[in-house]
Amino acid sequence: MASCILSECGIRPLHKIYTKPRIPFSSNPIKNKSFSQNSPVFSRVSSVKKHPSFLISCSGNRGRDWEVKVQAPQSIAVPEMGLEFDPAAAPPFKLADIKNAIPKHCWVKNPWRSMSYVVRDVAVVLGLAAMAAYFDTWFLWPLYWFAQVFSRENECTRPYKYRVNFDSGHGSFSSDLNLNSVVGHILHSSILVPYHGWRISHRTHHQNHGHVENDESWHPLSERVFNSLDTVTKKLRFTLPFPLLAYPIYLFARSPGKKGSHYHPESDLFVPAEKKDIITSTACWSAMVALLAGLSFVIGPLQLLKLYGVPYVLFVMWLDLVTYLHHHGHEDKLPWYRGQEWSYLRGGLTTLDRDYGWINNIHHDIGTHVIHHLFPQIPHYHLVEATEAAKSVLGKYYREPRKSGPLPLHLLDVLKQSMKKDHYVSDTGDIVYYQKHPDL
């Protein structure tokens, strides 16, 4: 099942560098999907001490008893009836159940429709750039910059463009791998992202979402790695706005505790067969850098800063905010997994949907992140419908996002609170939760 589903979106098998590949679509099937007090999905809690870990003993649905060391949240609110939903429990449904609930037409990729979004995006971006450059007033430039990030009417944000890039990298742009590659290289290079380097690392992220060590982007630091960081790095990592500028650094040097670069063909991210792909993408990225350098001599560095530099920084900040909050910041503590407790399904169910108000349409409903993570081959223009169809199966494993106003200003507070308390996870335990460092 795992290899079949992943192959539909062009995702390759796990690299051989992983000595113990994870089994993607693992779950505990239960014929009766109604939850009872004896179900592992719910736990009766009388009291929980503020202690980093405790033992939970459950009886599986196949008649075998198991015990696992679980690092618990600092506090647990107990419902009035004494029952509490446990998001770390194995779900009573399989990935196939979710897939079967999604209408068949949601899986159909239309390259002409996908290309129409690219054409519209490029046309509006170039039109706004020409307007701002022609009038060249400090009144219009800020409108141009923020229009690229927030304006629904102009529909020209860089995250919007990046969402189409996502479809190319996930294989949901079209079924033609060559077309995906051509479009992906043009669009990614234009925003200084190496296409194949990102595609491969993001594939690793999807295949290992929710795994403490094997996830690739915005995964938690273990306590050991956290303690190995110097004081300045810790402060920068968890003090706004610096985390919102992390994406270019991540492309060059990955995350703390990991080695390699998205630009280097010998990086740990890649296998030898992908070497040519990385060289090609790095060459395209270098060509874009050379083009920008040439433009600075033609139009001047200040004009280039206004046309490209400022929108690029805003794009990076918005992208970091969006991607971080799809995996962090829920009001309840959500689990991260290791070892046998991890599965593709359980990891994917810890991702979060977000509502961005007017901006939802601008970057193609990227807030529908749960279904996107479980089934990255679904094109973006079907994700809203697919999400609605899957809710009946997901039940409480789907966390309805807070409704946003016209602009998602509430997410700034969510980000701030997460930076204050989500610092690292325990070095031990197969189910762990974020802990707070007292000095941050």
# chains A, B, ... in the order shown; residues from 1 in each chain; ligands from 1
$ closest_atom_pairs --of "range 259-338 of chain A" --to "range 410-417 of chain A" --cutoff "8 Å" --atoms "only C-alpha atoms" --output "Markdown table"
| residue | atom | partner | partner_atom | distance |
| --- | --- | --- | --- | --- |
| A:Leu321 | CA | A:Leu415 | CA | 7.6 |
| A:Leu325 | CA | A:Leu415 | CA | 6.9 |
| A:Gly329 | CA | A:Val414 | CA | 5.8 |
| A:His330 | CA | A:Val414 | CA | 7.9 |
$ closest_residue --among "A:Tyr117, A:Phe93, A:Trp336, A:Tyr344" --to "Ser392 in chain A" --atoms "only C-alpha atoms"
A:Phe93
$ atom_distance --atom1 "CA of Thr233 in chain A" --atom2 "CA of Ile249 in chain A"
12.8 Å
$ closest_residue --among "A:Gly395, A:Pro103, A:Pro241, A:Pro376" --to "Phe85 in chain A" --atoms "only C-alpha atoms"
A:Gly395
$ closest_residue --among "A:Tyr424, A:Trp112, A:Tyr308, A:Trp145" --to "Leu292 in chain A" --atoms "only C-alpha atoms"
A:Tyr308
$ closest_residue --among "A:Tyr337, A:His382, A:Thr323, A:Val313" --to "Gly367 in chain A" --atoms "only C-alpha atoms"
A:Thr323
$ select_by_dssp --residues "range 192-307 of chain A" --states "alpha helix (DSSP H)" --output "number ranges by chain"
A: 195-207, 223-228, 231-238, 247-253, 275-299, 301-304
